[in-house]
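*Asks:* I have a structure here, written as C-alpha cells, and I will follow up with some questions on it.
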2 protein chains.
Amino acid sequence: MKKLTRPIVAAAGAIALSTSIATADVDTDRASIENILSSYETALNTANTDSVVLLYADDGVFMPQNSTPFVGAEAIRAAYDGVFQTIKLDISFTVDEVLQLAPQWALARTRSEGVVTINATGDKAPEANQELFVFQKQEDGDWRIARYIFSTTNPARR
Amino acid sequence: MKKLTRPIVAAAGAIALSTSIATADVDTDRASIENILSSYETALNTANTDSVVLLYADDGVFMPQNSTPFVGAEAIRAAYDGVFQTIKLDISFTVDEVLQLAPQWALARTRSEGVVTINATGDKAPEANQELFVFQKQEDGDWRIARYIFSTTNPARR
C-alpha cells in the first residue's frame, strides 16, 4: 500500500486545530485507519472473506460496481464469497486522503491498480478502481468500515 | 426524488440522542441535504454545469465511473461539461439513507435510475447507479457536496 504522507499529515493537523481532537488521538486514529486499508488490500489479494468481514461494522454497507448495495454483515459476507469465487485479485492501493470528520467518523479516498484473473477461464485483465471508504469507530474503540463504494477508473467499454 | 422517510428519521433521532446535536438542527440539516440531492437530480437532468458546481464545496471531489477523481471546483466544472456534452440524462434518485456524522459532516446513500441518451447518436440506454455523497457544512452555514462517487448497478458487460 502506498501512502501519500504529506496531505494526510496536513489534514490531520487541520483537524487537530479546528475541532479540538487531540493530536495524539488523531495520530492513533489515522494509524488505525491506514491499518484497515492495508488489511483490506491483503484480504482482497488472499481472497479471504473472513478477514474482510472482520474489517466491516456489523451494520456496514458494501456498494460494489455492477450490483445494488449489500447491507449488514451477512449480506457482505455472501457478496465477497461471490466475488472471490469469480475472480482472483492482485492489486495495490494508493491512499489519496484520510480525513477524520469527528471523533467517531473518518473517510478515506483511495485508488487501486493491478490484475484481475477470472477463475473460470484463467483470463487476466488490468484492474483499476477508485474507492471511497467511510469508517466508524466502534464502542470497543476499533475502527471499522461503515460504508464502502468503488468504481472502475478504466475507460468505458462502448 | 423518492424519499425513504422512516430510516432517515430514525437515523436523525439516533444522532440527536448520541451526539447532542439538537433535534431542530438535525431536522434543518436533513432538509438542507435532501434539498441538495433534489437540486443535483434537477441539475443532471437539465445538463446544468453551473447549478452542479454551486452544489459542491470549493475543494470538493467528484469520482465518476470510468475516470480518475476530479479535485476542486475548476476540475469538477470541466468534468461535468464533458459529461453533458456526451450524454443527456433523464434519471430519478431514491434516497436510501441520510446520516449526519457531526455538526459539519453528513453522508447520503442513494440509487438512481432512468435513461441515458448519447448526444452524438441519439441512442438511448437504461441507466442505473448507486451513489455515496459526503456533505460538509460550509462556514456560511450552507451544506455542500464534499465527496461524491457513483458506480453502475447494472450487470457487468463481458
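By convention here, the chains of the C-alpha cells are called A, B, ... in the order presented, each chain's residues are numbered starting at 1, and ligands are numbered starting at 1 in the order presented.
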Just need chain A moved onto chain B: least-squares over all Cα atoms matched in order, then output as a PDB file with C-alpha atoms, in the first residue's frame.
*Replies:*
```pdb
ATOM      1  CA  MET A   1     -36.741  12.233  -5.933  1.00  0.00           C
ATOM      2  CA  LYS A   2     -38.106   9.455  -3.758  1.00  0.00           C
ATOM      3  CA  LYS A   3     -37.492   9.601  -0.043  1.00  0.00           C
ATOM      4  CA  LEU A   4     -37.440   6.627   2.285  1.00  0.00           C
ATOM      5  CA  THR A   5     -38.642   8.618   5.250  1.00  0.00           C
ATOM      6  CA  ARG A   6     -38.623   6.105   8.057  1.00  0.00           C
ATOM      7  CA  PRO A   7     -34.910   5.177   8.173  1.00  0.00           C
ATOM      8  CA  ILE A   8     -33.942   8.820   7.728  1.00  0.00           C
ATOM      9  CA  VAL A   9     -36.054   9.901  10.674  1.00  0.00           C
ATOM     10  CA  ALA A  10     -34.728   6.986  12.718  1.00  0.00           C
ATOM     11  CA  ALA A  11     -31.152   7.920  11.907  1.00  0.00           C
ATOM     12  CA  ALA A  12     -31.734  11.557  12.750  1.00  0.00           C
ATOM     13  CA  GLY A  13     -33.324  10.568  16.040  1.00  0.00           C
ATOM     14  CA  ALA A  14     -30.387   8.348  16.907  1.00  0.00           C
ATOM     15  CA  ILE A  15     -27.966  11.190  16.239  1.00  0.00           C
ATOM     16  CA  ALA A  16     -29.916  13.645  18.335  1.00  0.00           C
ATOM     17  CA  LEU A  17     -29.797  11.208  21.230  1.00  0.00           C
ATOM     18  CA  SER A  18     -26.193  10.128  20.889  1.00  0.00           C
ATOM     19  CA  THR A  19     -24.194  13.230  20.014  1.00  0.00           C
ATOM     20  CA  SER A  20     -26.259  16.029  21.505  1.00  0.00           C
ATOM     21  CA  ILE A  21     -26.948  17.734  18.199  1.00  0.00           C
ATOM     22  CA  ALA A  22     -30.274  19.404  18.906  1.00  0.00           C
ATOM     23  CA  THR A  23     -33.221  17.797  17.122  1.00  0.00           C
ATOM     24  CA  ALA A  24     -34.258  21.057  15.468  1.00  0.00           C
ATOM     25  CA  ASP A  25     -30.771  21.444  13.998  1.00  0.00           C
ATOM     26  CA  VAL A  26     -30.818  17.864  12.727  1.00  0.00           C
ATOM     27  CA  ASP A  27     -34.171  18.486  11.043  1.00  0.00           C
ATOM     28  CA  THR A  28     -32.852  21.652   9.397  1.00  0.00           C
ATOM     29  CA  ASP A  29     -29.635  19.982   8.285  1.00  0.00           C
ATOM     30  CA  ARG A  30     -31.477  16.946   6.924  1.00  0.00           C
ATOM     31  CA  ALA A  31     -33.840  19.173   4.952  1.00  0.00           C
ATOM     32  CA  SER A  32     -30.863  21.089   3.542  1.00  0.00           C
ATOM     33  CA  ILE A  33     -29.141  17.869   2.485  1.00  0.00           C
ATOM     34  CA  GLU A  34     -32.290  16.462   0.883  1.00  0.00           C
ATOM     35  CA  ASN A  35     -32.604  19.759  -0.941  1.00  0.00           C
ATOM     36  CA  ILE A  36     -29.073  19.377  -2.340  1.00  0.00           C
ATOM     37  CA  LEU A  37     -29.907  15.875  -3.574  1.00  0.00           C
ATOM     38  CA  SER A  38     -33.069  17.144  -5.260  1.00  0.00           C
ATOM     39  CA  SER A  39     -31.183  20.072  -6.806  1.00  0.00           C
ATOM     40  CA  TYR A  40     -28.463  17.733  -8.026  1.00  0.00           C
ATOM     41  CA  GLU A  41     -31.053  15.487  -9.696  1.00  0.00           C
ATOM     42  CA  THR A  42     -32.524  18.531 -11.468  1.00  0.00           C
ATOM     43  CA  ALA A  43     -29.080  19.845 -12.462  1.00  0.00           C
ATOM     44  CA  LEU A  44     -28.178  16.463 -14.012  1.00  0.00           C
ATOM     45  CA  ASN A  45     -31.466  16.197 -15.904  1.00  0.00           C
ATOM     46  CA  THR A  46     -31.127  19.744 -17.266  1.00  0.00           C
ATOM     47  CA  ALA A  47     -27.386  19.329 -18.027  1.00  0.00           C
ATOM     48  CA  ASN A  48     -26.670  22.461 -16.018  1.00  0.00           C
ATOM     49  CA  THR A  49     -22.997  22.613 -15.074  1.00  0.00           C
ATOM     50  CA  ASP A  50     -23.355  25.970 -13.285  1.00  0.00           C
ATOM     51  CA  SER A  51     -25.998  24.524 -10.970  1.00  0.00           C
ATOM     52  CA  VAL A  52     -23.904  21.417 -10.290  1.00  0.00           C
ATOM     53  CA  VAL A  53     -20.802  23.405  -9.402  1.00  0.00           C
ATOM     54  CA  LEU A  54     -22.771  25.543  -6.926  1.00  0.00           C
ATOM     55  CA  LEU A  55     -23.678  22.358  -5.026  1.00  0.00           C
ATOM     56  CA  TYR A  56     -20.030  21.373  -4.492  1.00  0.00           C
ATOM     57  CA  ALA A  57     -17.603  22.653  -1.891  1.00  0.00           C
ATOM     58  CA  ASP A  58     -14.733  24.597  -3.489  1.00  0.00           C
ATOM     59  CA  ASP A  59     -12.370  21.752  -2.547  1.00  0.00           C
ATOM     60  CA  GLY A  60     -14.900  19.022  -3.377  1.00  0.00           C
ATOM     61  CA  VAL A  61     -14.000  15.763  -5.115  1.00  0.00           C
ATOM     62  CA  PHE A  62     -16.042  14.163  -7.932  1.00  0.00           C
ATOM     63  CA  MET A  63     -15.277  10.485  -8.586  1.00  0.00           C
ATOM     64  CA  PRO A  64     -17.229   9.400 -11.673  1.00  0.00           C
ATOM     65  CA  GLN A  65     -17.018   5.867 -12.996  1.00  0.00           C
ATOM     66  CA  ASN A  66     -14.519   5.419 -15.854  1.00  0.00           C
ATOM     67  CA  SER A  67     -12.354   8.324 -14.749  1.00  0.00           C
ATOM     68  CA  THR A  68      -9.825   9.161 -12.085  1.00  0.00           C
ATOM     69  CA  PRO A  69     -11.060  11.701  -9.480  1.00  0.00           C
ATOM     70  CA  PHE A  70     -11.627  15.392 -10.175  1.00  0.00           C
ATOM     71  CA  VAL A  71     -10.456  17.562  -7.260  1.00  0.00           C
ATOM     72  CA  GLY A  72     -11.598  21.160  -6.818  1.00  0.00           C
ATOM     73  CA  ALA A  73     -14.204  23.395  -8.451  1.00  0.00           C
ATOM     74  CA  GLU A  74     -12.341  24.034 -11.700  1.00  0.00           C
ATOM     75  CA  ALA A  75     -11.718  20.355 -12.427  1.00  0.00           C
ATOM     76  CA  ILE A  76     -15.281  19.476 -11.406  1.00  0.00           C
ATOM     77  CA  ARG A  77     -16.701  22.086 -13.782  1.00  0.00           C
ATOM     78  CA  ALA A  78     -14.682  20.720 -16.699  1.00  0.00           C
ATOM     79  CA  ALA A  79     -15.724  17.162 -15.843  1.00  0.00           C
ATOM     80  CA  TYR A  80     -19.469  17.917 -15.854  1.00  0.00           C
ATOM     81  CA  ASP A  81     -19.119  19.986 -19.034  1.00  0.00           C
ATOM     82  CA  GLY A  82     -17.611  16.874 -20.600  1.00  0.00           C
ATOM     83  CA  VAL A  83     -20.375  14.620 -19.273  1.00  0.00           C
ATOM     84  CA  PHE A  84     -23.141  16.910 -20.510  1.00  0.00           C
ATOM     85  CA  GLN A  85     -21.532  17.269 -23.945  1.00  0.00           C
ATOM     86  CA  THR A  86     -21.539  13.481 -24.254  1.00  0.00           C
ATOM     87  CA  ILE A  87     -24.846  12.394 -22.711  1.00  0.00           C
ATOM     88  CA  LYS A  88     -28.326  13.577 -21.739  1.00  0.00           C
ATOM     89  CA  LEU A  89     -29.716  12.138 -18.502  1.00  0.00           C
ATOM     90  CA  ASP A  90     -33.305  11.538 -17.496  1.00  0.00           C
ATOM     91  CA  ILE A  91     -32.971   9.927 -14.087  1.00  0.00           C
ATOM     92  CA  SER A  92     -34.611   9.864 -10.680  1.00  0.00           C
ATOM     93  CA  PHE A  93     -32.839   9.480  -7.331  1.00  0.00           C
ATOM     94  CA  THR A  94     -34.029   7.315  -4.455  1.00  0.00           C
ATOM     95  CA  VAL A  95     -32.585   8.297  -1.072  1.00  0.00           C
ATOM     96  CA  ASP A  96     -31.660   5.164   0.896  1.00  0.00           C
ATOM     97  CA  GLU A  97     -30.046   6.959   3.812  1.00  0.00           C
ATOM     98  CA  VAL A  98     -29.096  10.380   5.161  1.00  0.00           C
ATOM     99  CA  LEU A  99     -26.812  10.202   8.184  1.00  0.00           C
ATOM    100  CA  GLN A 100     -25.352  13.174  10.011  1.00  0.00           C
ATOM    101  CA  LEU A 101     -21.894  12.286  11.317  1.00  0.00           C
ATOM    102  CA  ALA A 102     -21.003  15.538  13.065  1.00  0.00           C
ATOM    103  CA  PRO A 103     -22.297  19.127  13.159  1.00  0.00           C
ATOM    104  CA  GLN A 104     -20.344  19.848   9.957  1.00  0.00           C
ATOM    105  CA  TRP A 105     -20.429  16.466   8.221  1.00  0.00           C
ATOM    106  CA  ALA A 106     -23.080  14.128   6.806  1.00  0.00           C
ATOM    107  CA  LEU A 107     -23.375  11.332   4.281  1.00  0.00           C
ATOM    108  CA  ALA A 108     -26.120  10.198   1.947  1.00  0.00           C
ATOM    109  CA  ARG A 109     -26.509   6.926   0.152  1.00  0.00           C
ATOM    110  CA  THR A 110     -28.730   6.947  -2.930  1.00  0.00           C
ATOM    111  CA  ARG A 111     -29.598   5.012  -6.051  1.00  0.00           C
ATOM    112  CA  SER A 112     -30.649   6.488  -9.376  1.00  0.00           C
ATOM    113  CA  GLU A 113     -32.479   5.040 -12.353  1.00  0.00           C
ATOM    114  CA  GLY A 114     -33.577   6.291 -15.717  1.00  0.00           C
ATOM    115  CA  VAL A 115     -32.439   6.685 -19.290  1.00  0.00           C
ATOM    116  CA  VAL A 116     -29.217   7.989 -20.775  1.00  0.00           C
ATOM    117  CA  THR A 117     -29.142   9.352 -24.323  1.00  0.00           C
ATOM    118  CA  ILE A 118     -25.860   9.526 -26.242  1.00  0.00           C
ATOM    119  CA  ASN A 119     -25.917  13.009 -27.763  1.00  0.00           C
ATOM    120  CA  ALA A 120     -23.804  12.080 -30.801  1.00  0.00           C
ATOM    121  CA  THR A 121     -26.079   9.245 -31.928  1.00  0.00           C
ATOM    122  CA  GLY A 122     -29.397   9.685 -30.121  1.00  0.00           C
ATOM    123  CA  ASP A 123     -29.059   6.111 -28.825  1.00  0.00           C
ATOM    124  CA  LYS A 124     -30.808   5.516 -25.514  1.00  0.00           C
ATOM    125  CA  ALA A 125     -29.925   3.015 -22.800  1.00  0.00           C
ATOM    126  CA  PRO A 126     -31.158   2.220 -19.303  1.00  0.00           C
ATOM    127  CA  GLU A 127     -29.070   3.867 -16.579  1.00  0.00           C
ATOM    128  CA  ALA A 128     -28.882   2.589 -12.999  1.00  0.00           C
ATOM    129  CA  ASN A 129     -26.345   3.719 -10.425  1.00  0.00           C
ATOM    130  CA  GLN A 130     -25.634   3.843  -6.721  1.00  0.00           C
ATOM    131  CA  GLU A 131     -24.116   6.916  -5.110  1.00  0.00           C
ATOM    132  CA  LEU A 132     -22.279   7.825  -1.918  1.00  0.00           C
ATOM    133  CA  PHE A 133     -22.208  11.527  -1.025  1.00  0.00           C
ATOM    134  CA  VAL A 134     -20.266  13.146   1.824  1.00  0.00           C
ATOM    135  CA  PHE A 135     -21.484  16.660   2.642  1.00  0.00           C
ATOM    136  CA  GLN A 136     -19.688  19.396   4.549  1.00  0.00           C
ATOM    137  CA  LYS A 137     -21.394  22.389   6.120  1.00  0.00           C
ATOM    138  CA  GLN A 138     -19.576  25.505   4.974  1.00  0.00           C
ATOM    139  CA  GLU A 139     -18.643  28.500   7.114  1.00  0.00           C
ATOM    140  CA  ASP A 140     -21.677  30.366   5.729  1.00  0.00           C
ATOM    141  CA  GLY A 141     -23.951  27.570   7.017  1.00  0.00           C
ATOM    142  CA  ASP A 142     -24.674  26.055   3.590  1.00  0.00           C
ATOM    143  CA  TRP A 143     -24.202  22.329   3.101  1.00  0.00           C
ATOM    144  CA  ARG A 144     -22.199  21.359   0.009  1.00  0.00           C
ATOM    145  CA  ILE A 145     -21.029  18.155  -1.634  1.00  0.00           C
ATOM    146  CA  ALA A 146     -17.511  17.425  -0.331  1.00  0.00           C
ATOM    147  CA  ARG A 147     -16.983  13.953  -1.846  1.00  0.00           C
ATOM    148  CA  TYR A 148     -19.157  12.129  -4.383  1.00  0.00           C
ATOM    149  CA  ILE A 149     -18.719   8.769  -6.085  1.00  0.00           C
ATOM    150  CA  PHE A 150     -21.081   6.611  -8.081  1.00  0.00           C
ATOM    151  CA  SER A 151     -20.981   3.273  -9.824  1.00  0.00           C
ATOM    152  CA  THR A 152     -23.372   1.400 -12.062  1.00  0.00           C
ATOM    153  CA  THR A 153     -25.653  -1.217 -10.535  1.00  0.00           C
ATOM    154  CA  ASN A 154     -26.275  -2.775 -13.946  1.00  0.00           C
ATOM    155  CA  PRO A 155     -24.603  -6.175 -14.533  1.00  0.00           C
ATOM    156  CA  ALA A 156     -21.077  -6.162 -15.962  1.00  0.00           C
ATOM    157  CA  ARG A 157     -20.618  -6.362 -19.708  1.00  0.00           C
ATOM    158  CA  ARG A 158     -18.420  -9.351 -20.451  1.00  0.00           C
TER     159      ARG A 158
END
```
*Asks:* Write down as a PyMOL selection string the residues of chain B whose backbone DSSP state falls under alpha helix (DSSP H).
*Replies:* chain B and resi 5-19+23-45+49-55+73-86
*Asks:* Can you tell me, as a VMD selection string, which residues in stretch 68-126 of chain B count as strand (DSSP E) by DSSP?
*Replies:* chain B and resid 70 to 71 87 to 102 105 to 118 124 to 126
